[in-house]
>>> print(open('my_file16.cif').read())   # mmCIF, C-alpha atoms
data_run
#
loop_
_atom_site.label_atom_id
_atom_site.label_comp_id
_atom_site.auth_asym_id
_atom_site.auth_seq_id
_atom_site.Cartn_x
_atom_site.Cartn_y
_atom_site.Cartn_z
CA MET A 1 8.61 -103.06 64.78
CA LEU A 2 7.29 -100.27 62.55
CA ARG A 3 3.69 -100.98 63.56
CA ASN A 4 4.67 -100.95 67.22
CA ALA A 5 6.28 -97.51 66.81
CA ARG A 6 2.77 -96.06 66.31
CA ILE A 7 3.97 -93.49 63.80
CA PRO A 8 2.53 -92.91 60.32
CA ILE A 9 4.18 -95.13 57.71
CA VAL A 10 3.39 -94.79 54.02
CA GLU A 11 4.70 -97.24 51.43
CA THR A 12 4.95 -96.03 47.83
CA TRP A 13 5.28 -97.28 44.23
CA ASP A 14 3.53 -100.57 44.91
CA LEU A 15 0.21 -101.77 46.29
CA PRO A 16 0.78 -104.52 48.83
CA ALA A 17 -2.43 -106.23 49.95
CA ASN A 18 -1.56 -105.57 53.59
CA PRO A 19 0.49 -102.39 53.94
CA ILE A 20 2.25 -101.68 57.21
CA ASP A 21 0.01 -98.63 57.67
CA ALA A 22 -0.82 -96.88 54.38
CA VAL A 23 0.22 -97.10 50.75
CA ALA A 24 0.05 -94.86 47.67
CA GLY A 25 1.10 -96.45 44.41
CA PHE A 26 0.05 -98.44 41.37
CA ASP A 27 -0.47 -102.08 40.50
CA ASN A 28 2.77 -103.42 38.98
CA TYR A 29 1.08 -106.67 37.94
CA LYS A 30 -1.58 -104.76 35.98
CA ALA A 31 1.16 -102.66 34.33
CA GLY A 32 2.70 -105.87 32.97
CA THR A 33 -0.73 -107.06 31.85
CA ALA A 34 -1.41 -103.79 29.99
CA VAL A 35 1.88 -104.01 28.10
CA ALA A 36 1.30 -107.63 27.06
CA LYS A 37 -2.25 -106.85 25.89
CA HIS A 38 -0.94 -104.02 23.74
CA LEU A 39 1.85 -106.08 22.19
CA VAL A 40 -0.49 -108.99 21.47
CA ALA A 41 -2.95 -106.56 19.83
CA GLN A 42 -0.05 -105.33 17.65
CA GLY A 43 0.43 -108.90 16.43
CA ARG A 44 3.73 -109.46 18.24
CA LYS A 45 4.37 -113.15 18.91
CA GLN A 46 7.84 -113.59 20.46
CA LEU A 47 7.82 -111.57 23.68
CA ALA A 48 10.54 -111.03 26.25
CA PHE A 49 10.94 -109.21 29.56
CA ILE A 50 14.19 -107.62 30.71
CA GLY A 51 14.95 -106.24 34.15
CA GLY A 52 15.79 -107.15 37.69
CA ASP A 53 14.30 -109.74 39.96
CA ASP A 54 13.25 -107.29 42.69
CA PRO A 55 9.65 -107.66 43.97
CA ARG A 56 8.16 -104.85 41.86
CA GLY A 57 9.94 -105.99 38.69
CA THR A 58 8.83 -109.54 39.39
CA ARG A 59 5.20 -108.44 39.67
CA ARG A 60 5.53 -106.64 36.32
CA TRP A 61 6.99 -109.81 34.83
CA LEU A 62 4.20 -112.00 36.24
CA GLY A 63 1.46 -109.78 34.80
CA PHE A 64 3.25 -109.66 31.45
CA ARG A 65 3.80 -113.43 31.38
CA ASP A 66 0.31 -114.35 32.54
CA GLU A 67 -1.39 -112.12 29.96
CA ALA A 68 0.82 -113.37 27.11
CA VAL A 69 0.10 -117.00 27.98
CA ALA A 70 -3.64 -116.29 28.44
CA SER A 71 -3.59 -114.76 24.93
CA GLY A 72 -2.27 -118.02 23.47
CA LEU A 73 1.40 -117.11 23.13
CA ALA A 74 4.32 -119.11 24.42
CA GLU A 75 5.70 -117.98 27.76
CA PRO A 76 7.85 -114.90 27.16
CA ARG A 77 11.55 -115.13 27.84
CA ARG A 78 12.80 -113.37 30.97
CA LEU A 79 16.29 -111.92 31.12
CA ILE A 80 17.47 -110.83 34.57
CA LEU A 81 19.80 -107.83 34.38
CA GLU A 82 21.85 -105.85 36.85
CA ARG A 83 20.43 -102.57 38.15
CA ASN A 84 22.06 -100.48 35.41
CA ALA A 85 21.38 -99.78 31.77
CA SER A 86 24.70 -101.02 30.39
CA GLY A 87 23.75 -104.70 30.65
CA SER A 88 20.67 -104.08 28.56
CA VAL A 89 22.71 -102.75 25.61
CA ALA A 90 23.96 -106.25 24.79
CA ALA A 91 20.76 -108.02 25.89
CA HIS A 92 19.45 -108.31 22.33
CA ALA A 93 22.16 -110.89 21.58
CA LYS A 94 20.67 -113.12 24.30
CA LEU A 95 17.17 -112.75 22.90
CA PRO A 96 17.33 -113.86 19.27
CA ASP A 97 14.07 -113.84 17.36
CA VAL A 98 12.07 -111.74 19.83
CA ASP A 99 9.80 -109.18 18.25
CA ALA A 100 8.79 -107.32 21.43
CA VAL A 101 10.44 -106.47 24.76
CA PHE A 102 8.96 -105.07 27.95
CA ALA A 103 11.69 -103.54 30.07
CA ALA A 104 11.14 -103.25 33.82
CA ASN A 105 12.18 -99.58 33.60
CA ASP A 106 12.98 -96.94 31.01
CA ALA A 107 16.74 -97.12 31.65
CA HIS A 108 16.78 -100.78 30.60
CA ALA A 109 14.53 -99.99 27.62
CA ILE A 110 16.81 -97.18 26.41
CA GLY A 111 19.88 -99.38 26.84
CA PHE A 112 18.19 -102.18 24.92
CA MET A 113 17.26 -99.79 22.12
CA SER A 114 20.89 -98.68 21.92
CA GLY A 115 21.88 -102.30 21.41
CA LEU A 116 19.20 -102.72 18.74
CA ARG A 117 20.50 -99.64 16.92
CA LYS A 118 24.07 -100.99 16.95
CA ALA A 119 22.76 -104.27 15.53
CA GLY A 120 20.82 -102.47 12.78
CA LEU A 121 17.47 -103.51 14.27
CA LEU A 122 16.03 -100.12 15.14
CA ARG A 123 14.16 -97.95 12.68
CA ASP A 124 13.18 -94.30 12.70
CA GLY A 125 9.44 -94.21 12.26
CA PRO A 126 6.27 -95.56 13.83
CA ALA A 127 5.92 -98.63 16.04
CA SER A 128 4.66 -100.72 13.12
CA ALA A 129 8.04 -100.21 11.39
CA GLN A 130 10.05 -101.59 14.35
CA PRO A 131 11.36 -105.14 13.94
CA VAL A 132 11.43 -105.27 17.76
CA ALA A 133 8.90 -103.26 19.75
CA VAL A 134 10.24 -101.88 23.05
CA ILE A 135 8.19 -100.59 25.99
CA GLY A 136 9.65 -99.32 29.27
CA LEU A 137 8.26 -98.09 32.56
CA GLY A 138 8.76 -94.73 34.25
CA ASP A 139 8.32 -92.19 31.44
CA LEU A 140 11.79 -90.68 31.79
CA GLU A 141 12.21 -87.45 29.85
CA MET A 142 15.10 -89.06 27.94
CA GLY A 143 12.61 -91.49 26.39
CA GLN A 144 10.90 -88.58 24.64
CA LEU A 145 14.19 -87.23 23.29
CA ILE A 146 15.59 -90.37 21.66
CA SER A 147 14.64 -91.67 18.25
CA PRO A 148 12.42 -93.53 17.98
CA THR A 149 10.64 -92.13 21.01
CA LEU A 150 10.11 -94.64 23.81
CA SER A 151 6.72 -96.15 24.55
CA THR A 152 6.35 -96.51 28.29
CA ILE A 153 4.17 -96.94 31.33
CA SER A 154 3.79 -93.50 32.89
CA VAL A 155 3.51 -93.55 36.65
CA HIS A 156 2.16 -90.50 38.42
CA GLY A 157 5.08 -90.01 40.81
CA ASP A 158 4.07 -86.49 41.77
CA ALA A 159 0.59 -87.69 42.75
CA ILE A 160 2.12 -90.60 44.68
CA GLY A 161 4.27 -88.13 46.62
CA ARG A 162 1.39 -85.76 47.39
CA THR A 163 -0.85 -88.63 48.42
CA ALA A 164 1.87 -90.12 50.64
CA ALA A 165 2.26 -86.76 52.38
CA THR A 166 -1.50 -86.53 52.94
CA LEU A 167 -1.62 -90.09 54.30
CA THR A 168 1.20 -89.24 56.68
CA LEU A 169 -0.64 -86.19 58.04
CA GLU A 170 -4.19 -87.54 58.06
CA ARG A 171 -4.92 -90.77 59.93
CA GLY A 172 -8.53 -91.39 58.86
CA GLY A 173 -10.05 -92.64 55.65
CA GLU A 174 -8.77 -94.98 52.96
CA ARG A 175 -5.20 -96.16 53.63
CA ARG A 176 -4.58 -98.00 50.32
CA ILE A 177 -4.64 -95.61 47.35
CA ASP A 178 -4.22 -96.89 43.79
CA LEU A 179 -3.15 -93.95 41.63
CA GLY A 180 -2.95 -96.03 38.48
CA PHE A 181 -0.68 -95.67 35.48
CA GLU A 182 -0.96 -94.82 31.80
CA LEU A 183 0.38 -96.74 28.81
CA VAL A 184 1.98 -94.00 26.69
CA LEU A 185 2.41 -95.17 23.11
CA ARG A 186 5.19 -93.63 21.07
CA ASP A 187 7.29 -94.86 18.16
CA SER A 188 9.24 -97.67 19.84
CA GLY A 189 6.28 -99.90 20.47
#
>>> encode(input="my_file16.cif", output="structure tokens")
Amino acid sequence: MLRNARIPIVETWDLPANPIDAVAGFDNYKAGTAVAKHLVAQGRKQLAFIGGDDPRGTRRWLGFRDEAVASGLAEPRRLILERNASGSVAAHAKLPDVDAVFAANDAHAIGFMSGLRKAGLLRDGPASAQPVAVIGLGDLEMGQLISPTLSTISVHGDAIGRTAATLTLERGGERRIDLGFELVLRDSG
């Protein structure tokens, strides 16, 4: 129906192989892969993923899982949470013995860290001092204000927005734009 409307359509925040018209985003699978590679390089062995089961979160999970398994680790645990941070506060109780968590977004990561603090499992200091490393996605400002500061995948939302606007106005040229992401390492992981 959207294609038949013959109007510009720009999808964002993901990179489907066959967009309706155009897309500006980043590769969620590769974001999961990048986090797993980092945690494996840190020497973390018991990995877990927390977040929803929406398509983007699932792609993050699949990249995370596939890279962990390819690196010789057991398949990480996956904990499906509601779309709010409060469920992630108590998530640590459902993930005994994990030493690293990738959260599908920063809100879940911050909630999880709150639960770790209440359980006495969060340290002030560098990532190497954390009994459980935590990495989120989104680079929320709050993640830079908490202690320890939150490691995260930074997505260039402003560039996605500008690119989407350009794709809406200009019909020629590349219609699938990967704007990438950055793994921002701070004290949580």
>>> resolve_selection(input="my_file16.cif", expression="the PyMOL selection byres ((chain A and resi 156) around 10)", output="PyMOL selection string")
chain A and resi 13+25-26+138-139+153-155+157-161+179-182
>>> write_last_selection(input="my_file16.cif", atoms="C-alpha atoms", output="PDB file, keeping the file's coordinate frame")
ATOM      1  CA  TRP A  13       5.280 -97.280  44.230  1.00  0.00           C
ATOM      2  CA  GLY A  25       1.100 -96.450  44.410  1.00  0.00           C
ATOM      3  CA  PHE A  26       0.050 -98.440  41.370  1.00  0.00           C
ATOM      4  CA  GLY A 138       8.760 -94.730  34.250  1.00  0.00           C
ATOM      5  CA  ASP A 139       8.320 -92.190  31.440  1.00  0.00           C
ATOM      6  CA  ILE A 153       4.170 -96.940  31.330  1.00  0.00           C
ATOM      7  CA  SER A 154       3.790 -93.500  32.890  1.00  0.00           C
ATOM      8  CA  VAL A 155       3.510 -93.550  36.650  1.00  0.00           C
ATOM      9  CA  GLY A 157       5.080 -90.010  40.810  1.00  0.00           C
ATOM     10  CA  ASP A 158       4.070 -86.490  41.770  1.00  0.00           C
ATOM     11  CA  ALA A 159       0.590 -87.690  42.750  1.00  0.00           C
ATOM     12  CA  ILE A 160       2.120 -90.600  44.680  1.00  0.00           C
ATOM     13  CA  GLY A 161       4.270 -88.130  46.620  1.00  0.00           C
ATOM     14  CA  LEU A 179      -3.150 -93.950  41.630  1.00  0.00           C
ATOM     15  CA  GLY A 180      -2.950 -96.030  38.480  1.00  0.00           C
ATOM     16  CA  PHE A 181      -0.680 -95.670  35.480  1.00  0.00           C
ATOM     17  CA  GLU A 182      -0.960 -94.820  31.800  1.00  0.00           C
TER      18      GLU A 182
END
>>> atom_distance(input="my_file16.cif", atom1="CA of Leu79 in chain A", atom2="CA of Phe49 in chain A")
6.2 Å
>>> closest_residue(input="my_file16.cif", among="A:Gly72, A:Gly115, A:Gly57, A:Pro131", to="Ala36 in chain A", atoms="all atoms listed in the file")
A:Gly72
>>> residues_around(input="my_file16.cif", residues="Ala22 in chain A", least_positions_apart="4", cutoff="7 Å", atoms="all atoms listed in the file", output="tab-separated table (two decimals) with C-alpha atoms, keeping the file's coordinate frame")
chain	number	residue	atom	x	y	z
A	9	ILE	CA	4.18	-95.13	57.71
A	10	VAL	CA	3.39	-94.79	54.02
A	11	GLU	CA	4.70	-97.24	51.43
A	167	LEU	CA	-1.62	-90.09	54.30
A	175	ARG	CA	-5.20	-96.16	53.63
A	176	ARG	CA	-4.58	-98.00	50.32
>>> atom_distance(input="my_file16.cif", atom1="CA of Arg186 in chain A", atom2="CA of Ala68 in chain A")
21.1 Å
>>> closest_residue(input="my_file16.cif", among="A:Ala103, A:Thr166, A:Val98, A:Val89", to="Leu116 in chain A", atoms="all atoms listed in the file")
A:Val89
>>> closest_residue(input="my_file16.cif", among="A:Ala129, A:Leu15, A:Ala74, A:Ala165", to="Ala48 in chain A", atoms="all atoms listed in the file")
A:Ala74
>>> residues_around(input="my_file16.cif", residues="Asp106 in chain A", least_positions_apart="3", cutoff="8 Å", atoms="only C-alpha atoms", output="PyMOL selection string")
chain A and resi 103+109-110+135-140+143+152
>>> write_last_selection(input="my_file16.cif", atoms="C-alpha atoms", output="PDB file, in the coordinates of the input")
ATOM      1  CA  ALA A 103      11.690-103.540  30.070  1.00  0.00           C
ATOM      2  CA  ALA A 109      14.530 -99.990  27.620  1.00  0.00           C
ATOM      3  CA  ILE A 110      16.810 -97.180  26.410  1.00  0.00           C
ATOM      4  CA  ILE A 135       8.190-100.590  25.990  1.00  0.00           C
ATOM      5  CA  GLY A 136       9.650 -99.320  29.270  1.00  0.00           C
ATOM      6  CA  LEU A 137       8.260 -98.090  32.560  1.00  0.00           C
ATOM      7  CA  GLY A 138       8.760 -94.730  34.250  1.00  0.00           C
ATOM      8  CA  ASP A 139       8.320 -92.190  31.440  1.00  0.00           C
ATOM      9  CA  LEU A 140      11.790 -90.680  31.790  1.00  0.00           C
ATOM     10  CA  GLY A 143      12.610 -91.490  26.390  1.00  0.00           C
ATOM     11  CA  THR A 152       6.350 -96.510  28.290  1.00  0.00           C
TER      12      THR A 152
END
>>> resolve_selection(input="my_file16.cif", expression="the PyMOL selection byres ((chain A and resi 146) around 12)", output="PyMOL selection string")
chain A and resi 106+109-111+113-114+117+122-125+140-145+147-151+186-188
>>> closest_residue(input="my_file16.cif", among="A:Leu121, A:Val184, A:Ile177, A:Ala107", to="His92 in chain A", atoms="only C-alpha atoms")
A:Leu121
>>> closest_residue(input="my_file16.cif", among="A:Asp66, A:Arg78, A:Arg44, A:Arg6", to="Arg171 in chain A", atoms="all atoms listed in the file")
A:Arg6
>>> resolve_selection(input="my_file16.cif", expression="the PyMOL selection byres ((chain A and resi 55) around 12)", output="VMD selection string")
chain A and resid 13 to 16 28 to 29 51 to 54 56 to 62 104
>>> atom_distance(input="my_file16.cif", atom1="CA of Ala17 in chain A", atom2="CA of His108 in chain A")
27.8 Å
